[in-house]
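**Q** Contents are mmCIF, C-alpha atoms; file name run-v3.cif:
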data_run
loop_
_atom_site.label_atom_id
_atom_site.label_comp_id
_atom_site.auth_asym_id
_atom_site.auth_seq_id
_atom_site.Cartn_x
_atom_site.Cartn_y
_atom_site.Cartn_z
CA MET A 1355 103.61 99.37 97.56
CA ASP A 1356 103.33 97.00 100.53
CA LYS A 1357 101.66 99.39 102.95
CA LYS A 1358 98.06 100.36 102.25
CA PRO A 1359 97.80 104.00 101.16
CA ASN A 1360 96.12 106.56 103.38
CA VAL A 1361 93.26 108.43 101.72
CA ILE A 1362 92.11 112.00 102.34
CA TYR A 1363 89.00 113.11 100.45
CA ILE A 1364 88.59 116.91 100.45
CA LEU A 1365 85.21 118.15 99.25
CA ALA A 1366 84.75 121.86 98.57
CA ASP A 1367 81.24 123.29 98.88
CA ASP A 1368 79.83 125.16 95.85
CA MET A 1369 83.14 125.64 94.01
CA GLY A 1370 83.18 125.82 90.23
CA TYR A 1371 85.35 123.99 87.70
CA GLY A 1372 86.75 127.33 86.56
CA ASP A 1373 87.96 128.25 90.04
CA VAL A 1374 91.04 126.02 89.66
CA SER A 1375 93.52 127.95 87.56
CA ALA A 1376 95.17 124.72 86.35
CA LEU A 1377 91.83 123.92 84.64
CA ASN A 1378 91.04 127.46 83.50
CA GLU A 1379 93.55 129.34 81.40
CA ARG A 1380 91.28 132.40 81.69
CA ALA A 1381 91.12 132.40 85.51
CA ALA A 1382 91.54 135.88 87.01
CA PHE A 1383 93.69 134.52 89.85
CA LYS A 1384 96.11 131.68 90.48
CA THR A 1385 95.37 128.80 92.86
CA PRO A 1386 98.90 127.61 93.68
CA HIS A 1387 98.04 124.60 95.84
CA PHE A 1388 95.37 123.23 93.48
CA ASP A 1389 97.75 123.79 90.58
CA ARG A 1390 100.52 121.95 92.41
CA MET A 1391 98.15 119.04 93.06
CA ALA A 1392 97.44 118.88 89.32
CA ALA A 1393 101.15 119.12 88.44
CA GLU A 1394 102.12 116.43 90.94
CA GLY A 1395 99.12 114.18 90.28
CA LEU A 1396 96.17 113.79 87.94
CA ALA A 1397 93.52 116.29 86.83
CA PHE A 1398 90.19 115.10 85.44
CA THR A 1399 88.61 117.45 82.89
CA ASP A 1400 85.25 115.68 82.50
CA ALA A 1401 84.30 114.86 86.09
CA HIS A 1402 80.74 115.30 87.35
CA ALA A 1403 78.75 115.31 90.55
CA SER A 1404 75.56 113.26 90.35
CA SER A 1405 73.57 116.33 91.37
CA ALA A 1406 73.88 120.08 91.01
CA VAL A 1407 73.30 120.59 94.75
CA CYS A 1408 75.00 119.31 97.88
CA THR A 1409 72.96 116.83 99.94
CA PRO A 1410 72.26 114.48 97.01
CA SER A 1411 75.81 114.81 95.72
CA ARG A 1412 77.20 113.83 99.14
CA TYR A 1413 74.88 110.83 99.33
CA SER A 1414 76.28 109.51 96.06
CA ILE A 1415 79.91 110.07 97.13
CA LEU A 1416 79.53 108.15 100.38
CA THR A 1417 77.25 105.33 99.14
CA GLY A 1418 78.22 104.89 95.48
CA ARG A 1419 74.55 105.22 94.54
CA TYR A 1420 72.81 107.84 92.44
CA ASN A 1421 71.02 110.27 94.74
CA TRP A 1422 67.61 109.72 93.19
CA ARG A 1423 67.65 106.17 94.58
CA SER A 1424 67.28 107.73 98.04
CA ARG A 1425 64.04 109.20 99.43
CA LEU A 1426 65.26 112.71 98.51
CA LYS A 1427 63.88 113.42 95.04
CA CYS A 1428 64.66 117.15 94.86
CA GLY A 1429 66.30 119.93 96.85
CA VAL A 1430 68.54 119.59 99.90
CA MET A 1431 68.06 118.84 103.59
CA SER A 1432 68.09 121.28 106.51
CA GLY A 1433 70.27 121.28 109.60
CA TYR A 1434 67.46 119.48 111.46
CA SER A 1435 66.52 116.80 108.91
CA SER A 1436 66.43 113.11 109.74
CA PRO A 1437 69.11 110.84 108.19
CA LEU A 1438 69.13 110.25 104.45
CA ILE A 1439 71.52 107.29 104.40
CA GLU A 1440 69.35 104.24 104.92
CA ASP A 1441 69.81 101.85 107.86
CA GLY A 1442 72.28 99.13 106.88
CA ARG A 1443 73.50 101.00 103.80
CA MET A 1444 77.22 100.46 103.27
CA THR A 1445 79.28 103.64 103.08
CA VAL A 1446 82.82 104.27 101.86
CA ALA A 1447 83.81 104.69 105.52
CA ASP A 1448 82.44 101.19 106.27
CA LEU A 1449 84.57 99.85 103.42
CA PHE A 1450 87.75 101.42 104.74
CA ARG A 1451 87.05 100.39 108.33
CA GLU A 1452 86.39 96.78 107.30
CA ASN A 1453 89.82 96.82 105.65
CA GLY A 1454 91.71 97.89 108.75
CA TYR A 1455 91.59 101.69 108.40
CA ARG A 1456 90.93 104.31 111.03
CA THR A 1457 88.23 106.61 109.70
CA ALA A 1458 87.25 110.21 110.41
CA ALA A 1459 84.83 112.77 108.98
CA ILE A 1460 85.55 116.41 109.73
CA GLY A 1461 83.35 119.18 108.38
CA LYS A 1462 79.89 119.68 106.92
CA TRP A 1463 77.73 116.54 107.03
CA HIS A 1464 74.38 117.67 105.54
CA LEU A 1465 73.00 114.14 105.24
CA GLY A 1466 70.72 114.32 108.27
CA MET A 1467 71.06 113.20 111.88
CA GLU A 1468 68.55 112.27 114.57
CA PHE A 1469 68.65 114.93 117.30
CA LYS A 1470 66.94 114.34 120.63
CA LYS A 1471 63.49 115.96 120.33
CA ASP A 1472 60.29 116.43 122.27
CA GLU A 1473 56.66 116.47 121.13
CA THR A 1474 56.88 120.12 120.01
CA PHE A 1475 59.44 119.37 117.28
CA ARG A 1476 58.41 120.33 113.75
CA LEU A 1477 60.59 120.35 110.64
CA LEU A 1478 60.02 123.88 109.35
CA PRO A 1479 60.31 125.01 105.72
CA ASP A 1480 63.05 127.22 104.27
CA TYR A 1481 65.73 125.73 106.54
CA GLU A 1482 64.42 127.60 109.58
CA THR A 1483 65.37 126.80 113.17
CA CYS A 1484 63.14 123.98 114.43
CA PRO A 1485 61.54 123.93 117.89
CA GLY A 1486 61.66 121.05 120.34
CA VAL A 1487 65.36 120.06 120.10
CA ASP A 1488 67.28 119.03 123.20
CA TYR A 1489 70.83 120.17 122.44
CA SER A 1490 72.14 118.34 125.52
CA GLY A 1491 70.89 114.96 124.26
CA LYS A 1492 72.67 112.23 122.35
CA ILE A 1493 72.57 112.45 118.55
CA GLU A 1494 71.56 109.22 116.85
CA LYS A 1495 72.74 108.25 113.36
CA SER A 1496 75.50 110.82 113.21
CA PRO A 1497 78.56 110.05 111.01
CA VAL A 1498 79.89 107.71 113.73
CA ALA A 1499 76.91 105.46 112.94
CA ASN A 1500 77.92 105.46 109.27
CA GLY A 1501 81.39 103.94 109.39
CA PHE A 1502 83.40 106.80 110.88
CA ASP A 1503 85.41 106.25 114.07
CA TYR A 1504 85.48 109.98 114.72
CA TYR A 1505 83.41 112.98 113.65
CA TYR A 1506 83.77 116.70 114.26
CA GLY A 1507 81.82 119.33 112.38
CA ILE A 1508 78.45 120.91 111.63
CA SER A 1509 75.13 119.32 110.78
CA ALA A 1510 74.54 121.12 107.47
CA SER A 1511 75.68 124.15 105.46
CA LEU A 1512 77.28 127.02 107.35
CA ASP A 1513 74.25 129.20 106.50
CA MET A 1514 71.84 126.76 108.21
CA ALA A 1515 71.26 126.48 111.97
CA PRO A 1516 72.12 125.08 114.42
CA TYR A 1517 75.46 126.88 114.70
CA ILE A 1518 77.01 124.46 117.16
CA TYR A 1519 79.93 122.08 116.69
CA ILE A 1520 79.19 118.37 116.94
CA GLU A 1521 81.79 115.85 118.14
CA ASN A 1522 80.91 112.22 117.49
CA ASP A 1523 77.29 112.02 118.74
CA ARG A 1524 76.99 115.11 120.95
CA PHE A 1525 76.81 118.87 120.56
CA THR A 1526 79.96 120.28 122.13
CA LYS A 1527 78.15 123.26 123.74
CA LEU A 1528 74.64 124.49 124.40
CA PRO A 1529 73.46 127.50 122.37
CA ASP A 1530 73.38 130.76 124.32
CA HIS A 1531 72.51 133.35 121.63
CA GLU A 1532 71.28 133.75 118.07
CA THR A 1533 73.19 135.09 115.06
CA GLU A 1534 72.44 135.96 111.44
CA ASP A 1535 73.97 137.93 108.56
CA THR A 1536 73.12 139.17 105.08
CA GLY A 1537 74.66 139.79 101.65
CA LYS A 1538 77.50 137.49 100.59
CA ARG A 1539 78.03 136.89 104.33
CA PHE A 1540 74.53 135.39 104.40
CA TYR A 1541 73.47 132.93 107.07
CA ARG A 1542 70.00 132.38 108.51
CA LYS A 1543 69.05 133.38 112.03
CA GLY A 1544 69.63 130.54 114.45
CA PRO A 1545 70.86 129.26 117.81
CA THR A 1546 74.60 129.66 118.24
CA ALA A 1547 77.08 128.21 120.72
CA PRO A 1548 79.38 130.56 122.66
CA ASP A 1549 82.49 129.21 120.89
CA PHE A 1550 81.00 129.26 117.37
CA VAL A 1551 82.21 132.10 115.14
CA HIS A 1552 81.29 131.73 111.47
CA GLU A 1553 84.47 133.41 110.25
CA ASP A 1554 86.61 130.88 112.13
CA VAL A 1555 84.89 127.67 111.03
CA LEU A 1556 86.98 126.86 107.93
CA PRO A 1557 90.41 127.31 109.60
CA HIS A 1558 89.14 125.58 112.76
CA LEU A 1559 88.00 122.50 110.83
CA THR A 1560 91.26 122.46 108.87
CA GLU A 1561 93.18 122.46 112.15
CA LYS A 1562 91.08 119.47 113.29
CA VAL A 1563 92.08 117.62 110.10
CA LEU A 1564 95.76 118.31 110.82
CA GLU A 1565 95.31 117.05 114.40
CA THR A 1566 93.62 113.89 113.11
CA ILE A 1567 96.44 113.20 110.65
CA GLU A 1568 98.83 113.43 113.60
CA ALA A 1569 96.66 111.15 115.76
CA PHE A 1570 96.20 108.54 112.98
CA ARG A 1571 99.73 108.67 111.57
CA ASN A 1572 100.79 105.19 112.72
CA ASP A 1573 97.84 103.38 111.11
CA PRO A 1574 96.29 103.40 107.64
CA PHE A 1575 93.57 106.04 107.65
CA PHE A 1576 90.71 107.50 105.64
CA ILE A 1577 89.78 111.13 106.35
CA TYR A 1578 86.72 112.68 104.72
CA PHE A 1579 86.99 116.48 104.86
CA PRO A 1580 83.80 118.13 103.53
CA MET A 1581 84.64 121.83 103.79
CA PRO A 1582 81.92 124.43 104.44
CA ALA A 1583 83.46 126.75 101.80
CA PRO A 1584 83.35 128.63 99.48
CA HIS A 1585 79.57 128.25 100.05
CA THR A 1586 77.76 131.09 101.82
CA PRO A 1587 78.48 132.68 104.19
CA ILE A 1588 81.38 133.93 102.06
CA LEU A 1589 83.86 134.84 104.78
CA PRO A 1590 87.50 135.08 103.68
CA SER A 1591 89.92 135.84 106.53
CA PRO A 1592 91.40 139.37 106.51
CA GLU A 1593 94.68 138.21 104.96
CA PHE A 1594 92.78 136.97 101.87
CA LEU A 1595 90.56 140.03 101.35
CA GLY A 1596 91.31 141.59 97.97
CA LYS A 1597 93.89 138.92 97.15
CA SER A 1598 92.03 137.50 94.13
CA GLY A 1599 91.41 140.81 92.40
CA THR A 1600 87.77 139.76 91.85
CA ASN A 1601 85.39 139.85 94.84
CA GLU A 1602 84.97 138.17 98.23
CA TYR A 1603 84.10 134.86 96.59
CA GLY A 1604 87.37 134.78 94.66
CA ASP A 1605 89.18 135.64 97.88
CA PHE A 1606 87.39 132.77 99.64
CA VAL A 1607 88.45 130.34 96.91
CA LEU A 1608 92.07 131.34 97.59
CA MET A 1609 91.49 130.65 101.27
CA VAL A 1610 90.14 127.17 100.40
CA ASP A 1611 93.24 126.65 98.25
CA GLU A 1612 95.44 127.60 101.22
CA MET A 1613 93.65 125.12 103.53
CA VAL A 1614 94.29 122.31 101.04
CA GLY A 1615 97.93 123.38 100.95
CA ARG A 1616 98.09 123.07 104.74
CA VAL A 1617 96.83 119.49 104.61
CA ILE A 1618 99.48 118.47 102.06
CA GLN A 1619 102.18 120.28 104.03
CA LYS A 1620 101.16 118.31 107.14
CA LEU A 1621 101.56 115.06 105.21
CA LYS A 1622 105.07 116.11 104.23
CA GLU A 1623 105.96 117.04 107.80
CA THR A 1624 104.77 113.67 109.13
CA GLY A 1625 106.48 111.64 106.40
CA LEU A 1626 103.11 110.40 105.10
CA ASP A 1627 103.07 112.28 101.82
CA GLU A 1628 104.47 109.56 99.56
CA ASN A 1629 101.83 107.00 100.48
CA THR A 1630 98.75 109.19 100.91
CA VAL A 1631 96.12 109.68 98.23
CA VAL A 1632 94.68 113.19 98.38
CA ILE A 1633 91.51 113.76 96.37
CA PHE A 1634 90.15 117.27 95.90
CA THR A 1635 86.80 117.95 94.30
CA SER A 1636 83.56 119.94 94.74
CA ASP A 1637 80.01 118.82 95.45
CA ASN A 1638 78.56 120.91 92.59
CA GLY A 1639 79.14 124.13 90.66
CA CYS A 1640 79.50 127.68 91.95
CA SER A 1641 76.44 129.33 93.49
CA PRO A 1642 74.89 132.53 92.08
CA MET A 1643 75.39 133.95 95.59
CA ALA A 1644 79.02 134.47 94.53
CA ASN A 1645 77.71 137.21 92.17
CA PHE A 1646 78.63 136.08 88.66
CA GLU A 1647 78.16 139.61 87.32
CA GLU A 1648 80.92 140.96 89.57
CA LEU A 1649 83.19 138.02 88.84
CA LEU A 1650 82.71 138.25 85.07
CA ALA A 1651 83.40 141.99 85.20
CA ALA A 1652 86.72 141.11 86.86
CA GLY A 1653 87.48 138.57 84.13
CA HIS A 1654 86.61 135.41 86.01
CA ASN A 1655 83.98 132.74 85.28
CA PRO A 1656 83.67 130.05 88.00
CA SER A 1657 81.90 127.82 85.46
CA TYR A 1658 84.77 128.21 82.93
CA VAL A 1659 83.17 127.88 79.45
CA PHE A 1660 80.17 125.89 80.64
CA ARG A 1661 76.60 127.11 80.79
CA GLY A 1662 74.86 127.58 84.13
CA HIS A 1663 75.82 127.25 87.77
CA LYS A 1664 74.86 125.44 90.99
CA ALA A 1665 71.33 123.97 90.91
CA ASP A 1666 71.24 123.84 87.07
CA ILE A 1667 71.06 120.76 84.88
CA TYR A 1668 73.54 122.58 82.59
CA GLU A 1669 77.19 121.60 82.98
CA GLY A 1670 78.00 124.60 85.16
CA GLY A 1671 75.83 122.89 87.77
CA HIS A 1672 77.58 119.53 87.92
CA ARG A 1673 80.91 119.54 86.06
CA ILE A 1674 83.43 119.94 88.84
CA PRO A 1675 87.20 119.99 89.44
CA LEU A 1676 88.66 116.60 90.38
CA LEU A 1677 92.32 116.36 91.32
CA VAL A 1678 94.02 113.19 92.58
CA ARG A 1679 97.53 113.26 94.05
CA TRP A 1680 99.42 110.16 95.19
CA PRO A 1681 103.20 110.56 94.89
CA GLY A 1682 103.82 106.85 95.51
CA GLY A 1683 101.23 105.63 93.02
CA ILE A 1684 100.22 108.17 90.37
CA ASN A 1685 102.49 109.66 87.72
CA PRO A 1686 102.69 113.47 87.92
CA GLY A 1687 101.18 115.90 85.44
CA GLY A 1688 98.45 113.69 84.01
CA ARG A 1689 95.22 115.00 82.50
CA CYS A 1690 92.31 112.67 81.88
CA ASP A 1691 89.44 113.61 79.56
CA LYS A 1692 87.36 110.48 80.26
CA ILE A 1693 83.96 111.00 81.86
CA VAL A 1694 83.75 110.06 85.55
CA CYS A 1695 81.27 110.63 88.39
CA LEU A 1696 81.82 111.32 92.08
CA SER A 1697 79.71 108.24 92.82
CA ASP A 1698 82.72 106.27 91.51
CA PHE A 1699 84.67 106.75 94.74
CA MET A 1700 83.24 103.60 96.38
CA ALA A 1701 84.31 101.22 93.60
CA THR A 1702 87.64 103.02 93.16
CA ALA A 1703 88.40 102.64 96.87
CA ALA A 1704 87.43 98.96 96.76
CA GLU A 1705 89.84 98.24 93.91
CA LEU A 1706 92.55 100.31 95.60
CA LEU A 1707 92.15 98.13 98.71
CA GLY A 1708 91.81 94.87 96.79
CA ALA A 1709 88.37 94.44 98.33
CA GLU A 1710 85.18 93.11 96.80
CA LEU A 1711 81.96 95.04 97.27
CA PRO A 1712 78.79 93.15 98.13
CA PRO A 1713 76.28 93.13 95.24
CA GLU A 1714 73.96 95.68 96.87
CA ALA A 1715 76.74 98.23 97.57
CA GLY A 1716 77.91 100.97 95.22
CA VAL A 1717 75.51 100.02 92.43
CA ASP A 1718 76.26 103.24 90.50
CA SER A 1719 80.00 103.22 91.21
CA ILE A 1720 82.66 102.29 88.64
CA SER A 1721 86.32 102.10 89.55
CA ASN A 1722 88.44 104.94 88.21
CA LEU A 1723 91.66 103.24 89.31
CA PRO A 1724 92.60 102.24 85.73
CA LEU A 1725 92.49 105.97 84.85
CA TRP A 1726 94.56 106.87 87.91
CA MET A 1727 97.23 104.47 86.67
CA ASP A 1728 96.97 105.56 83.01
CA ALA A 1729 95.10 108.74 82.07
CA ASP A 1730 94.90 107.48 78.47
CA ALA A 1731 93.33 104.14 79.39
CA PRO A 1732 89.95 103.31 77.82
CA SER A 1733 86.87 104.93 79.33
CA VAL A 1734 85.39 103.22 82.37
CA ARG A 1735 81.96 104.83 81.93
CA GLU A 1736 79.55 105.16 79.04
CA ASP A 1737 77.34 107.75 80.71
CA VAL A 1738 76.41 109.68 83.85
CA VAL A 1739 72.90 110.53 85.04
CA HIS A 1740 72.57 114.10 86.35
CA GLN A 1741 69.96 115.88 88.43
CA SER A 1742 69.28 119.56 88.99
CA TYR A 1743 67.93 121.13 92.20
CA ASP A 1744 64.38 120.30 91.12
#
Would you give me this structure, written as structure tokens?
**A**
Amino acid sequence: MDKKPNVIYILADDMGYGDVSALNERAAFKTPHFDRMAAEGLAFTDAHASSAVCTPSRYSILTGRYNWRSRLKCGVMSGYSSPLIEDGRMTVADLFRENGYRTAAIGKWHLGMEFKKDETFRLLPDYETCPGVDYSGKIEKSPVANGFDYYYGISASLDMAPYIYIENDRFTKLPDHETEDTGKRFYRKGPTAPDFVHEDVLPHLTEKVLETIEAFRNDPFFIYFPMPAPHTPILPSPEFLGKSGTNEYGDFVLMVDEMVGRVIQKLKETGLDENTVVIFTSDNGCSPMANFEELLAAGHNPSYVFRGHKADIYEGGHRIPLLVRWPGGINPGGRCDKIVCLSDFMATAAELLGAELPPEAGVDSISNLPLWMDADAPSVREDVVHQSYD
């Protein structure tokens, strides 16, 4: 195809391999949009995140490096942490931009930013709200300093303050109250902007993605859409409550499925569908906060047949769904059982673009493009290194 393909990378937050019914014949509910992606594209059955938790997994996706090469050796960052991506480190967004693409990140960043602070600032434990932040100040080293032309989203997980939208390198509002919740709706107490409602964040961010597709439609584009769901707070909209026949987590998965469907529908409406690669995956396995006991009682296992869950070194922690749909480039209905890692996105994108990575970039990234073209092609990887929460 003469025209470079657009690329949309959709990253679910804490969603298990078994939550895609096309990958789980025992699933208690159907995920029609994920299943359609698999039927119209390619489903990987042995895909893995480099880590069983989110910050390190996201680092490897965007840099093509194993997370343990960074300064973060265990755990995840808070909403107030300083940047994890090193100065001068090439990201996938840099790669696309250098090759003539418009680039946008919309959603949960969770890789650290540099907020404006005073001398009272302290990074507190347990992801607590930190003192000494000037929410009116410019944010340094936000996603727009990492290869993205545009950013809109939240600094970390939706259960970590601050609860304020960020656009490019500024908070969009000043906080005027504090919020918190418990149970499956869990989010920590923290400063909240007047226009920030936790229940509305997923559909609001999805709408921003649709607007960006419209704005970018005349140029090749790369959109990175790291969703805040189905991670806690587990907040399905009223129309999804009870729809899965399991619990609120299952309902939230169906809401995530619907948001992905909206993105693909937008591509069809704009005539961009044929030449747009849509990748859907998850940063790690399902969290115990989903309540596995309830889900299993309803006949559903988010980890499918695999042991463990988010944070574990067992496969339930890091084996994840990976679906790739590209009507103009990938044959429909393929299933690939070759082992791949989410860190492979950098090298895959480079080969897709016909670009050559510099030697220091994407050192743990191996192109999956041969498998996109032929699911039965020889393996591209011999192994993957995994890490648990600890």
**Q** Hey, which of A:Ala1459, A:Ala1406, A:Ala1447, A:Val1738 ends up closest to Ala1703 (chain A)? Count all atoms listed in the file.
**A**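 Using all atoms listed in the file, Ala1703 (chain A) sits closest to A:Ala1447.
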**Q** For the file shown, report as a ChimeraX atom specification the outcome of the PyMOL selection byres ((chain A and resi 1689-1692) around 6) at residue level.
**A** /A:1396-1400,1688,1693,1729,1733
**Q** Looking at A:Arg1542, A:Lys1527, A:Arg1423, A:Arg1443, which one is nearest to Ala1499 (chain A), with distances taken over only C-alpha atoms?
**A** A:Arg1443
**Q** Adding 5 Å on each side of the box along x, y and z that holds all listed atoms of region 1721-1727 of chain A, could you give its centre and edge lengths in Å to one decimal, as JSON?
**A**
{"center_x": 91.8, "center_y": 104.5, "center_z": 87.2, "size_x": 20.9, "size_y": 14.8, "size_z": 14.7}
**Q** Considering only C-alpha atoms, can you say which of A:Met1700, A:Ile1618, A:Ala1366, A:Glu1482 comes closest to Pro1712 (chain A)?
**A**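 That would be A:Met1700, the residue with the smallest distance to Pro1712 (chain A).
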**Q** Please, which residues in region 1388-1486 of chain A fall within 8 Å of region 1580-1590 of chain A when counting only C-alpha atoms, and what is the closest atom pair and distance in Å to one decimal for each, ordered by chain then residue number, as a Markdown table?
**A**
| residue | atom | partner | partner_atom | distance |
| --- | --- | --- | --- | --- |
| A:Ala1459 | CA | A:Pro1580 | CA | 7.7 |
| A:Ile1460 | CA | A:Pro1580 | CA | 6.7 |
| A:Gly1461 | CA | A:Pro1580 | CA | 5.0 |
| A:Lys1462 | CA | A:Pro1580 | CA | 5.4 |
| A:Trp1463 | CA | A:Pro1580 | CA | 7.2 |
**Q** Please evaluate the PyMOL selection byres ((chain A and resi 1522) around 8) against the displayed coordinates and give the resulting residues as number ranges by chain.
**A** A: 1496-1498, 1504-1506, 1520-1521, 1523-1524
**Q** Work out how far CA of Asn1500 (chain A) is from CA of Ser1742 (chain A), in Å to one decimal.
**A** 26.2 Å
**Q** Given the file above and the PyMOL selection byres ((chain A and resi 1637-1641) around 6), which residues are selected, and can you give them as a ChimeraX atom specification?
**A** /A:1367-1370,1403,1406-1408,1411,1636,1642-1644,1663-1664,1670-1672
